[in-house]
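Text of the file query-v4.txt, holding compact mmCIF, N, CA and C atoms and all ligand atoms:
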```
# COMPACT_ATOMS: atom_id res chain seq x y z
N MET W 1 0.85 -1.20 0.00
CA MET W 1 0.00 0.00 0.00
C MET W 1 0.88 1.24 0.00
N THR W 2 0.44 2.27 -0.69
CA THR W 2 1.24 3.48 -0.83
C THR W 2 1.20 4.32 0.44
N GLU W 3 2.31 5.00 0.71
CA GLU W 3 2.40 5.92 1.84
C GLU W 3 2.18 7.35 1.35
N GLN W 4 1.80 7.50 0.10
CA GLN W 4 1.72 8.84 -0.49
C GLN W 4 0.64 9.69 0.15
N VAL W 5 0.97 10.97 0.28
CA VAL W 5 0.04 11.96 0.82
C VAL W 5 -0.03 13.09 -0.20
N SER W 6 -1.24 13.49 -0.57
CA SER W 6 -1.35 14.56 -1.55
C SER W 6 -2.26 15.66 -1.06
N GLY W 7 -2.15 16.81 -1.71
CA GLY W 7 -2.99 17.94 -1.34
C GLY W 7 -2.91 19.03 -2.38
N ARG W 8 -3.69 20.08 -2.17
CA ARG W 8 -3.73 21.20 -3.11
C ARG W 8 -4.30 22.43 -2.44
N CYS W 9 -4.11 23.57 -3.11
CA CYS W 9 -4.76 24.80 -2.64
C CYS W 9 -6.23 24.78 -3.05
N PHE W 10 -6.97 25.75 -2.58
CA PHE W 10 -8.41 25.85 -2.83
C PHE W 10 -8.72 25.83 -4.33
N CYS W 11 -7.98 26.58 -5.15
CA CYS W 11 -8.29 26.67 -6.59
C CYS W 11 -7.63 25.56 -7.40
N GLY W 12 -6.66 24.86 -6.85
CA GLY W 12 -6.03 23.76 -7.57
C GLY W 12 -4.80 24.15 -8.37
N ALA W 13 -4.41 25.43 -8.36
CA ALA W 13 -3.22 25.86 -9.13
C ALA W 13 -1.94 25.28 -8.54
N ILE W 14 -1.92 25.02 -7.24
CA ILE W 14 -0.75 24.42 -6.58
C ILE W 14 -1.16 23.04 -6.08
N ARG W 15 -0.37 22.03 -6.47
CA ARG W 15 -0.62 20.66 -6.00
C ARG W 15 0.67 20.09 -5.48
N TYR W 16 0.57 19.22 -4.47
CA TYR W 16 1.78 18.63 -3.91
C TYR W 16 1.54 17.18 -3.54
N ARG W 17 2.66 16.49 -3.36
CA ARG W 17 2.63 15.09 -2.99
C ARG W 17 3.84 14.81 -2.11
N PHE W 18 3.68 14.02 -1.07
CA PHE W 18 4.80 13.53 -0.27
C PHE W 18 4.81 12.01 -0.37
N ASP W 19 6.01 11.44 -0.23
CA ASP W 19 6.12 9.98 -0.32
C ASP W 19 6.08 9.33 1.06
N HIS W 20 5.64 10.08 2.07
CA HIS W 20 5.55 9.51 3.42
C HIS W 20 4.44 10.21 4.19
N LYS W 21 4.04 9.58 5.29
CA LYS W 21 3.00 10.15 6.16
C LYS W 21 3.61 11.25 7.03
N PRO W 22 2.78 12.13 7.64
CA PRO W 22 3.33 13.19 8.50
C PRO W 22 4.15 12.62 9.65
N LEU W 23 5.26 13.32 9.98
CA LEU W 23 6.11 12.91 11.10
C LEU W 23 5.47 13.29 12.43
N ALA W 24 4.74 14.40 12.43
CA ALA W 24 4.05 14.89 13.62
C ALA W 24 3.08 15.97 13.15
N VAL W 25 2.10 16.27 13.99
CA VAL W 25 1.15 17.34 13.67
C VAL W 25 0.98 18.21 14.91
N ARG W 26 1.05 19.51 14.70
CA ARG W 26 0.92 20.45 15.81
C ARG W 26 -0.18 21.46 15.53
N THR W 27 -0.89 21.81 16.59
CA THR W 27 -1.80 22.95 16.56
C THR W 27 -1.05 24.14 17.14
N CYS W 28 -1.01 25.24 16.40
CA CYS W 28 -0.23 26.41 16.86
C CYS W 28 -1.13 27.62 17.05
N TRP W 29 -1.06 28.16 18.29
CA TRP W 29 -1.85 29.35 18.64
C TRP W 29 -0.99 30.61 18.66
N CYS W 30 0.13 30.64 17.99
CA CYS W 30 0.93 31.88 17.99
C CYS W 30 0.13 32.97 17.28
N ARG W 31 0.49 34.20 17.55
CA ARG W 31 -0.30 35.32 16.99
C ARG W 31 -0.28 35.30 15.46
N ASP W 32 0.86 34.95 14.87
CA ASP W 32 0.97 34.90 13.40
C ASP W 32 -0.04 33.91 12.82
N CYS W 33 -0.11 32.74 13.44
CA CYS W 33 -1.01 31.71 12.93
C CYS W 33 -2.47 32.14 13.04
N GLN W 34 -2.80 32.93 14.05
CA GLN W 34 -4.20 33.37 14.17
C GLN W 34 -4.60 34.28 13.01
N TYR W 35 -3.63 35.07 12.50
CA TYR W 35 -3.91 35.84 11.28
C TYR W 35 -4.16 34.90 10.10
N LEU W 36 -3.28 33.92 9.96
CA LEU W 36 -3.30 33.07 8.76
C LEU W 36 -4.43 32.05 8.81
N ALA W 37 -4.85 31.67 10.02
CA ALA W 37 -5.88 30.64 10.16
C ALA W 37 -7.24 31.28 10.47
N CYS W 38 -7.40 32.56 10.16
CA CYS W 38 -8.69 33.24 10.24
C CYS W 38 -9.25 33.30 11.66
N GLY W 39 -8.39 33.32 12.67
CA GLY W 39 -8.87 33.48 14.05
C GLY W 39 -8.60 32.27 14.91
N ASN W 40 -8.50 31.11 14.29
CA ASN W 40 -8.26 29.90 15.05
C ASN W 40 -6.76 29.59 15.08
N ALA W 41 -6.41 28.45 15.67
CA ALA W 41 -5.03 27.97 15.60
C ALA W 41 -4.79 27.39 14.21
N SER W 42 -3.53 27.37 13.80
CA SER W 42 -3.19 26.65 12.57
C SER W 42 -2.95 25.19 12.94
N VAL W 43 -3.15 24.30 11.98
CA VAL W 43 -2.82 22.89 12.18
C VAL W 43 -1.77 22.55 11.13
N GLY W 44 -0.57 22.21 11.60
CA GLY W 44 0.55 22.00 10.70
C GLY W 44 1.12 20.60 10.80
N ALA W 45 1.27 19.93 9.66
CA ALA W 45 1.83 18.58 9.61
C ALA W 45 3.26 18.65 9.09
N PHE W 46 4.17 18.00 9.83
CA PHE W 46 5.60 18.02 9.48
C PHE W 46 5.95 16.90 8.51
N PHE W 47 6.63 17.27 7.42
CA PHE W 47 7.10 16.29 6.43
C PHE W 47 8.57 16.56 6.13
N ARG W 48 9.24 15.52 5.59
CA ARG W 48 10.61 15.71 5.10
C ARG W 48 10.57 16.35 3.72
N ARG W 49 11.36 17.41 3.53
CA ARG W 49 11.36 18.11 2.25
C ARG W 49 11.77 17.18 1.10
N ALA W 50 12.68 16.26 1.40
CA ALA W 50 13.19 15.37 0.36
C ALA W 50 12.08 14.55 -0.30
N GLY W 51 10.96 14.38 0.40
CA GLY W 51 9.87 13.56 -0.15
C GLY W 51 8.81 14.36 -0.89
N LEU W 52 9.07 15.64 -1.14
CA LEU W 52 8.05 16.53 -1.72
C LEU W 52 8.15 16.61 -3.24
N THR W 53 7.00 16.45 -3.91
CA THR W 53 6.87 16.78 -5.33
C THR W 53 5.85 17.90 -5.43
N LEU W 54 6.24 19.00 -6.09
CA LEU W 54 5.38 20.19 -6.11
C LEU W 54 5.04 20.56 -7.55
N GLU W 55 3.76 20.83 -7.80
CA GLU W 55 3.32 21.35 -9.11
C GLU W 55 2.75 22.73 -8.88
N GLY W 56 3.21 23.70 -9.67
CA GLY W 56 2.77 25.08 -9.49
C GLY W 56 3.82 25.84 -8.71
N GLU W 57 3.68 27.14 -8.66
CA GLU W 57 4.70 28.01 -8.07
C GLU W 57 4.07 28.85 -6.97
N PRO W 58 4.18 28.40 -5.70
CA PRO W 58 3.59 29.21 -4.63
C PRO W 58 4.35 30.52 -4.42
N ALA W 59 3.62 31.57 -4.05
CA ALA W 59 4.24 32.82 -3.64
C ALA W 59 4.76 32.63 -2.21
N ALA W 60 5.61 33.56 -1.75
CA ALA W 60 6.19 33.41 -0.42
C ALA W 60 6.16 34.73 0.34
N TYR W 61 5.99 34.63 1.65
CA TYR W 61 6.11 35.79 2.53
C TYR W 61 7.05 35.41 3.66
N VAL W 62 8.12 36.20 3.83
CA VAL W 62 9.13 35.88 4.84
C VAL W 62 8.98 36.86 6.00
N SER W 63 8.95 36.31 7.22
CA SER W 63 8.87 37.17 8.41
C SER W 63 9.55 36.47 9.57
N GLN W 64 9.75 37.25 10.64
CA GLN W 64 10.36 36.66 11.83
C GLN W 64 9.27 36.31 12.83
N ALA W 65 9.24 35.06 13.27
CA ALA W 65 8.22 34.59 14.22
C ALA W 65 8.62 34.97 15.64
N ALA W 66 7.64 34.85 16.57
CA ALA W 66 7.90 35.14 17.99
C ALA W 66 8.99 34.23 18.55
N SER W 67 9.16 33.06 17.95
CA SER W 67 10.20 32.11 18.39
C SER W 67 11.59 32.61 18.03
N GLY W 68 11.66 33.64 17.16
CA GLY W 68 12.95 34.11 16.67
C GLY W 68 13.32 33.48 15.34
N ASN W 69 12.56 32.45 14.94
CA ASN W 69 12.83 31.79 13.66
C ASN W 69 12.41 32.68 12.49
N THR W 70 13.21 32.67 11.44
CA THR W 70 12.79 33.29 10.19
C THR W 70 11.94 32.27 9.45
N MET W 71 10.69 32.67 9.20
CA MET W 71 9.72 31.75 8.60
C MET W 71 9.41 32.20 7.17
N ARG W 72 9.33 31.23 6.30
CA ARG W 72 8.93 31.47 4.92
C ARG W 72 7.59 30.78 4.74
N ARG W 73 6.55 31.56 4.53
CA ARG W 73 5.21 30.99 4.40
C ARG W 73 4.82 31.05 2.94
N ARG W 74 4.39 29.91 2.42
CA ARG W 74 4.13 29.82 0.99
C ARG W 74 2.65 29.60 0.73
N PHE W 75 2.14 30.36 -0.23
CA PHE W 75 0.70 30.37 -0.47
C PHE W 75 0.40 30.51 -1.96
N CYS W 76 -0.82 30.21 -2.33
CA CYS W 76 -1.24 30.36 -3.72
C CYS W 76 -1.57 31.83 -3.98
N ALA W 77 -0.91 32.43 -4.97
CA ALA W 77 -1.14 33.84 -5.27
C ALA W 77 -2.50 34.05 -5.93
N ARG W 78 -3.10 32.98 -6.44
CA ARG W 78 -4.39 33.10 -7.13
C ARG W 78 -5.55 33.06 -6.14
N CYS W 79 -5.57 32.07 -5.25
CA CYS W 79 -6.71 31.91 -4.34
C CYS W 79 -6.38 32.27 -2.89
N GLY W 80 -5.10 32.46 -2.56
CA GLY W 80 -4.72 32.92 -1.23
C GLY W 80 -4.54 31.82 -0.19
N THR W 81 -4.74 30.57 -0.57
CA THR W 81 -4.60 29.48 0.40
C THR W 81 -3.15 29.34 0.86
N HIS W 82 -2.95 29.28 2.17
CA HIS W 82 -1.62 28.98 2.71
C HIS W 82 -1.41 27.47 2.68
N LEU W 83 -0.26 27.06 2.11
CA LEU W 83 0.03 25.63 1.99
C LEU W 83 1.18 25.19 2.89
N PHE W 84 2.27 25.97 2.90
CA PHE W 84 3.49 25.52 3.59
C PHE W 84 4.04 26.60 4.49
N SER W 85 4.71 26.13 5.54
CA SER W 85 5.46 27.02 6.42
C SER W 85 6.83 26.38 6.59
N GLU W 86 7.88 27.17 6.40
CA GLU W 86 9.24 26.63 6.42
C GLU W 86 10.11 27.49 7.33
N ALA W 87 10.78 26.86 8.28
CA ALA W 87 11.71 27.57 9.16
C ALA W 87 13.08 27.55 8.50
N GLU W 88 13.69 28.73 8.41
CA GLU W 88 15.02 28.83 7.78
C GLU W 88 16.02 27.91 8.48
N ALA W 89 15.84 27.76 9.82
CA ALA W 89 16.78 26.95 10.61
C ALA W 89 16.60 25.45 10.37
N ARG W 90 15.49 25.06 9.74
CA ARG W 90 15.24 23.63 9.51
C ARG W 90 14.90 23.37 8.05
N PRO W 91 15.88 23.53 7.17
CA PRO W 91 15.61 23.46 5.73
C PRO W 91 15.18 22.07 5.24
N ASP W 92 15.37 21.05 6.09
CA ASP W 92 15.01 19.68 5.70
C ASP W 92 13.54 19.37 5.95
N THR W 93 12.81 20.31 6.56
CA THR W 93 11.43 20.06 6.98
C THR W 93 10.46 21.05 6.34
N VAL W 94 9.30 20.54 5.95
CA VAL W 94 8.22 21.40 5.45
C VAL W 94 7.00 21.16 6.33
N VAL W 95 6.38 22.25 6.79
CA VAL W 95 5.15 22.13 7.56
C VAL W 95 3.99 22.43 6.61
N VAL W 96 3.06 21.49 6.51
CA VAL W 96 1.94 21.62 5.59
C VAL W 96 0.69 22.00 6.36
N ARG W 97 -0.06 22.97 5.84
CA ARG W 97 -1.35 23.33 6.44
C ARG W 97 -2.32 22.19 6.19
N VAL W 98 -2.82 21.62 7.28
CA VAL W 98 -3.59 20.38 7.19
C VAL W 98 -4.88 20.56 6.37
N GLY W 99 -5.41 21.77 6.34
CA GLY W 99 -6.62 22.01 5.54
C GLY W 99 -6.43 21.76 4.06
N THR W 100 -5.17 21.71 3.60
CA THR W 100 -4.91 21.49 2.17
C THR W 100 -4.72 20.01 1.82
N LEU W 101 -4.67 19.13 2.83
CA LEU W 101 -4.49 17.70 2.56
C LEU W 101 -5.75 17.10 1.94
N GLU W 102 -5.59 16.21 0.97
CA GLU W 102 -6.76 15.48 0.44
C GLU W 102 -7.40 14.70 1.57
N ASP W 103 -6.56 14.00 2.36
CA ASP W 103 -7.05 13.19 3.47
C ASP W 103 -6.75 13.90 4.79
N ARG W 104 -7.68 14.72 5.23
CA ARG W 104 -7.45 15.50 6.44
C ARG W 104 -7.50 14.65 7.70
N GLU W 105 -8.00 13.43 7.59
CA GLU W 105 -8.07 12.54 8.76
C GLU W 105 -6.68 12.18 9.29
N ILE W 106 -5.67 12.25 8.44
CA ILE W 106 -4.31 11.92 8.89
C ILE W 106 -3.67 13.10 9.61
N GLY W 107 -4.37 14.23 9.68
CA GLY W 107 -3.81 15.45 10.25
C GLY W 107 -4.24 15.73 11.67
N GLY W 108 -4.57 14.70 12.42
CA GLY W 108 -4.96 14.88 13.81
C GLY W 108 -3.77 15.35 14.63
N PRO W 109 -3.91 16.46 15.40
CA PRO W 109 -2.76 17.01 16.14
C PRO W 109 -2.25 16.10 17.24
N SER W 110 -0.93 16.14 17.47
CA SER W 110 -0.30 15.39 18.56
C SER W 110 0.16 16.30 19.67
N SER W 111 0.13 17.62 19.45
CA SER W 111 0.46 18.56 20.52
C SER W 111 -0.07 19.96 20.17
N ILE W 112 -0.08 20.82 21.21
CA ILE W 112 -0.54 22.21 21.07
C ILE W 112 0.61 23.11 21.48
N ILE W 113 0.93 24.11 20.66
CA ILE W 113 2.02 25.03 21.03
C ILE W 113 1.52 26.48 21.03
N TRP W 114 2.27 27.33 21.68
CA TRP W 114 1.93 28.75 21.83
C TRP W 114 0.55 28.96 22.44
N ALA W 115 0.19 28.10 23.39
CA ALA W 115 -1.12 28.20 24.04
C ALA W 115 -1.29 29.52 24.78
N ALA W 116 -0.18 30.13 25.24
CA ALA W 116 -0.27 31.37 26.01
C ALA W 116 -0.86 32.52 25.20
N SER W 117 -0.77 32.48 23.88
CA SER W 117 -1.33 33.58 23.08
C SER W 117 -2.70 33.24 22.50
N ALA W 118 -3.29 32.13 22.92
CA ALA W 118 -4.65 31.81 22.47
C ALA W 118 -5.66 32.73 23.15
N PRO W 119 -6.73 33.12 22.46
CA PRO W 119 -7.78 33.92 23.12
C PRO W 119 -8.51 33.08 24.17
N ALA W 120 -9.19 33.78 25.09
CA ALA W 120 -9.83 33.09 26.22
C ALA W 120 -10.89 32.09 25.76
N TRP W 121 -11.48 32.32 24.58
CA TRP W 121 -12.54 31.41 24.12
C TRP W 121 -12.01 30.17 23.40
N ALA W 122 -10.70 30.10 23.22
CA ALA W 122 -10.12 28.97 22.49
C ALA W 122 -10.39 27.66 23.22
N LYS W 123 -10.68 26.62 22.47
CA LYS W 123 -10.91 25.30 23.05
C LYS W 123 -9.66 24.46 22.78
N LEU W 124 -8.91 24.16 23.84
CA LEU W 124 -7.70 23.35 23.71
C LEU W 124 -8.02 21.92 24.13
N ASP W 125 -7.68 20.97 23.30
CA ASP W 125 -7.96 19.56 23.59
C ASP W 125 -7.20 19.13 24.85
N PRO W 126 -7.91 18.79 25.95
CA PRO W 126 -7.22 18.43 27.21
C PRO W 126 -6.43 17.13 27.10
N ALA W 127 -6.65 16.36 26.02
CA ALA W 127 -5.94 15.09 25.86
C ALA W 127 -4.54 15.29 25.28
N LEU W 128 -4.23 16.50 24.80
CA LEU W 128 -2.95 16.72 24.12
C LEU W 128 -1.96 17.45 25.01
N PRO W 129 -0.65 17.16 24.85
CA PRO W 129 0.37 17.93 25.55
C PRO W 129 0.36 19.38 25.06
N VAL W 130 0.49 20.31 26.01
CA VAL W 130 0.41 21.74 25.71
C VAL W 130 1.72 22.42 26.06
N CYS W 131 2.20 23.25 25.15
CA CYS W 131 3.37 24.08 25.41
C CYS W 131 2.90 25.54 25.37
N GLU W 132 3.27 26.32 26.38
CA GLU W 132 2.82 27.71 26.43
C GLU W 132 3.42 28.56 25.32
N GLY W 133 4.63 28.21 24.90
CA GLY W 133 5.31 28.95 23.84
C GLY W 133 5.91 27.99 22.83
N GLN W 134 7.15 28.30 22.42
CA GLN W 134 7.83 27.46 21.45
C GLN W 134 8.46 26.26 22.15
N PRO W 135 8.18 25.03 21.69
CA PRO W 135 8.83 23.87 22.31
C PRO W 135 10.34 23.88 22.08
N ALA W 136 11.06 23.33 23.05
CA ALA W 136 12.52 23.35 22.98
C ALA W 136 13.05 22.44 21.87
N THR W 137 12.34 21.36 21.64
CA THR W 137 12.85 20.40 20.65
C THR W 137 11.88 20.28 19.49
N PRO W 138 12.39 19.92 18.33
CA PRO W 138 11.50 19.67 17.20
C PRO W 138 10.63 18.45 17.46
N PRO W 139 9.48 18.35 16.81
CA PRO W 139 8.58 17.22 17.08
C PRO W 139 9.22 15.90 16.69
N GLU W 140 9.01 14.91 17.52
CA GLU W 140 9.50 13.57 17.24
C GLU W 140 8.47 12.87 16.34
N PRO W 141 8.94 12.01 15.47
CA PRO W 141 7.98 11.22 14.69
C PRO W 141 7.11 10.40 15.63
N PRO W 142 5.82 10.26 15.31
CA PRO W 142 4.95 9.45 16.18
C PRO W 142 5.42 8.00 16.17
N PRO W 143 5.21 7.27 17.27
CA PRO W 143 5.64 5.87 17.30
C PRO W 143 4.90 5.04 16.26
N GLY W 144 5.57 4.08 15.69
CA GLY W 144 4.95 3.16 14.76
C GLY W 144 4.87 3.64 13.34
ZN ZN N 1 -4.95 28.36 -5.45
ZN ZN N 2 2.07 29.55 14.79
```

Once more with this new file: its structure as structure tokens, please.
Amino acid sequence: MTEQVSGRCFCGAIRYRFDHKPLAVRTCWCRDCQYLACGNASVGAFFRRAGLTLEGEPAAYVSQAASGNTMRRRFCARCGTHLFSEAEARPDTVVVRVGTLEDREIGGPSSIIWAASAPAWAKLDPALPVCEGQPATPPEPPPG
């Protein structure tokens, strides 16, 4: 059975494929993500860049995150969908916006980060580990 994971932007101008399942999935409540996720947390799935096949040319916006990381966020210039988030310090990893996955069921979060900047009405899953800010270590691949 194939391990392939595919996805696209809202309009379909950008399409992608990975040759492996997500290494980890995080829900992020940082202030930047609340802009990009329309008020909610973003849900980001970590993949190895080496396994990425990309069709189309996403636009990019580079900014410095609260973590101090320089982030390159890539989106479709036609429909505005955010697809990828890339930390300059971790060029081997691509974080995919889970809303763009064909199979969103594989994008269930394994942790919550930047909980301290979530609004008071935010619903944080009590079953997940929570980090108030940026976690010290990169996410570990899920067991199995
Ligand atoms: Zn698009
Ligand atoms: Zn964030």

Write out as a PDB file with N, CA and C atoms, keeping the file's coordinate frame each polymer residue (protein, DNA or RNA) that has an atom no more than 8 Å from ligand ZN 2 (chain N), with all atoms listed in the file counted.
```
ATOM      1  N   THR W  27      -0.890  21.810  16.590  1.00  0.00           N
ATOM      2  CA  THR W  27      -1.800  22.950  16.560  1.00  0.00           C
ATOM      3  C   THR W  27      -1.050  24.140  17.140  1.00  0.00           C
ATOM      4  N   CYS W  28      -1.010  25.240  16.400  1.00  0.00           N
ATOM      5  CA  CYS W  28      -0.230  26.410  16.860  1.00  0.00           C
ATOM      6  C   CYS W  28      -1.130  27.620  17.050  1.00  0.00           C
ATOM      7  N   TRP W  29      -1.060  28.160  18.290  1.00  0.00           N
ATOM      8  CA  TRP W  29      -1.850  29.350  18.640  1.00  0.00           C
ATOM      9  C   TRP W  29      -0.990  30.610  18.660  1.00  0.00           C
ATOM     10  N   CYS W  30       0.130  30.640  17.990  1.00  0.00           N
ATOM     11  CA  CYS W  30       0.930  31.880  17.990  1.00  0.00           C
ATOM     12  C   CYS W  30       0.130  32.970  17.280  1.00  0.00           C
ATOM     13  N   ARG W  31       0.490  34.200  17.550  1.00  0.00           N
ATOM     14  CA  ARG W  31      -0.300  35.320  16.990  1.00  0.00           C
ATOM     15  C   ARG W  31      -0.280  35.300  15.460  1.00  0.00           C
ATOM     16  N   ASP W  32       0.860  34.950  14.870  1.00  0.00           N
ATOM     17  CA  ASP W  32       0.970  34.900  13.400  1.00  0.00           C
ATOM     18  C   ASP W  32      -0.040  33.910  12.820  1.00  0.00           C
ATOM     19  N   CYS W  33      -0.110  32.740  13.440  1.00  0.00           N
ATOM     20  CA  CYS W  33      -1.010  31.710  12.930  1.00  0.00           C
ATOM     21  C   CYS W  33      -2.470  32.140  13.040  1.00  0.00           C
ATOM     22  N   GLN W  34      -2.800  32.930  14.050  1.00  0.00           N
ATOM     23  CA  GLN W  34      -4.200  33.370  14.170  1.00  0.00           C
ATOM     24  C   GLN W  34      -4.600  34.280  13.010  1.00  0.00           C
ATOM     25  N   ALA W  41      -6.410  28.450  15.670  1.00  0.00           N
ATOM     26  CA  ALA W  41      -5.030  27.970  15.600  1.00  0.00           C
ATOM     27  C   ALA W  41      -4.790  27.390  14.210  1.00  0.00           C
ATOM     28  N   SER W  42      -3.530  27.370  13.800  1.00  0.00           N
ATOM     29  CA  SER W  42      -3.190  26.650  12.570  1.00  0.00           C
ATOM     30  C   SER W  42      -2.950  25.190  12.940  1.00  0.00           C
ATOM     31  N   VAL W  43      -3.150  24.300  11.980  1.00  0.00           N
ATOM     32  CA  VAL W  43      -2.820  22.890  12.180  1.00  0.00           C
ATOM     33  C   VAL W  43      -1.770  22.550  11.130  1.00  0.00           C
ATOM     34  N   ALA W  65       9.240  35.060  13.270  1.00  0.00           N
ATOM     35  CA  ALA W  65       8.220  34.590  14.220  1.00  0.00           C
ATOM     36  C   ALA W  65       8.620  34.970  15.640  1.00  0.00           C
ATOM     37  N   ALA W  66       7.640  34.850  16.570  1.00  0.00           N
ATOM     38  CA  ALA W  66       7.900  35.140  17.990  1.00  0.00           C
ATOM     39  C   ALA W  66       8.990  34.230  18.550  1.00  0.00           C
ATOM     40  N   ILE W 113       0.930  24.110  20.660  1.00  0.00           N
ATOM     41  CA  ILE W 113       2.020  25.030  21.030  1.00  0.00           C
ATOM     42  C   ILE W 113       1.520  26.480  21.030  1.00  0.00           C
ATOM     43  N   TRP W 114       2.270  27.330  21.680  1.00  0.00           N
ATOM     44  CA  TRP W 114       1.930  28.750  21.830  1.00  0.00           C
ATOM     45  C   TRP W 114       0.550  28.960  22.440  1.00  0.00           C
TER      46      TRP W 114
END
```

For ligand ZN 1 (chain N), collect every residue having any atom at a distance of at most 6 Å from a ligand atom (counting only C-alpha atoms and all ligand atoms); output as a short mmCIF file (atom, residue, chain, number, x, y, z; two decimals) with N, CA and C atoms, keeping the file's coordinate frame.
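Heads up, here's the output in part.cif:
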```cif
data_model
loop_
_atom_site.label_atom_id
_atom_site.label_comp_id
_atom_site.auth_asym_id
_atom_site.auth_seq_id
_atom_site.Cartn_x
_atom_site.Cartn_y
_atom_site.Cartn_z
N CYS W 9 -4.11 23.57 -3.11
CA CYS W 9 -4.76 24.80 -2.64
C CYS W 9 -6.23 24.78 -3.05
N PHE W 10 -6.97 25.75 -2.58
CA PHE W 10 -8.41 25.85 -2.83
C PHE W 10 -8.72 25.83 -4.33
N CYS W 11 -7.98 26.58 -5.15
CA CYS W 11 -8.29 26.67 -6.59
C CYS W 11 -7.63 25.56 -7.40
N GLY W 12 -6.66 24.86 -6.85
CA GLY W 12 -6.03 23.76 -7.57
C GLY W 12 -4.80 24.15 -8.37
N ALA W 13 -4.41 25.43 -8.36
CA ALA W 13 -3.22 25.86 -9.13
C ALA W 13 -1.94 25.28 -8.54
N ILE W 14 -1.92 25.02 -7.24
CA ILE W 14 -0.75 24.42 -6.58
C ILE W 14 -1.16 23.04 -6.08
N CYS W 76 -0.82 30.21 -2.33
CA CYS W 76 -1.24 30.36 -3.72
C CYS W 76 -1.57 31.83 -3.98
N ARG W 78 -3.10 32.98 -6.44
CA ARG W 78 -4.39 33.10 -7.13
C ARG W 78 -5.55 33.06 -6.14
N CYS W 79 -5.57 32.07 -5.25
CA CYS W 79 -6.71 31.91 -4.34
C CYS W 79 -6.38 32.27 -2.89
N THR W 81 -4.74 30.57 -0.57
CA THR W 81 -4.60 29.48 0.40
C THR W 81 -3.15 29.34 0.86
#
```

Next item on the list: Find, counting all atoms listed in the file, the residue in W:Pro22, W:Pro119, W:Gly7, W:Gly80 that gets nearest to Ile106 of chain W.
Entry: W:Pro22

Note to self: Under the rule that only C-alpha atoms are counted, which of W:Arg73, W:Asp103, W:Arg17, W:Gln134 is the nearest residue to Gly56 of chain W?
What the structure shows: W:Arg17

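Secondary structure from DSSP on the backbone puts helix (DSSP H, G or I) at the following positions of chain W: W:Arg31, W:Asp32, W:Cys33, W:Gln34, W:Tyr35, W:Leu36, W:Arg49, W:Ala50, W:Gly51, W:Val98, W:Gly99, W:Thr100, W:Arg104, W:Glu105, W:Ile106, W:Gly107, W:Ala115, W:Ala116, W:Ser117.
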
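Distances to Glu57 of chain W were evaluated for W:Arg15, W:Arg26, W:Arg72, W:Lys21 using only N, CA and C atoms, and the minimum falls at W:Arg15.
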
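Distance check against Arg8 of chain W using only N, CA and C atoms: of W:Thr100, W:Ala115, W:Ser110, W:Ala120, the minimum falls on W:Thr100.
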
Next item on the list: Kindly give the distance, in Å, that separates atom CA of Asn40 of chain W and atom CA of Phe75 of chain W, rounded to a single decimal.
Entry: 17.9 Å
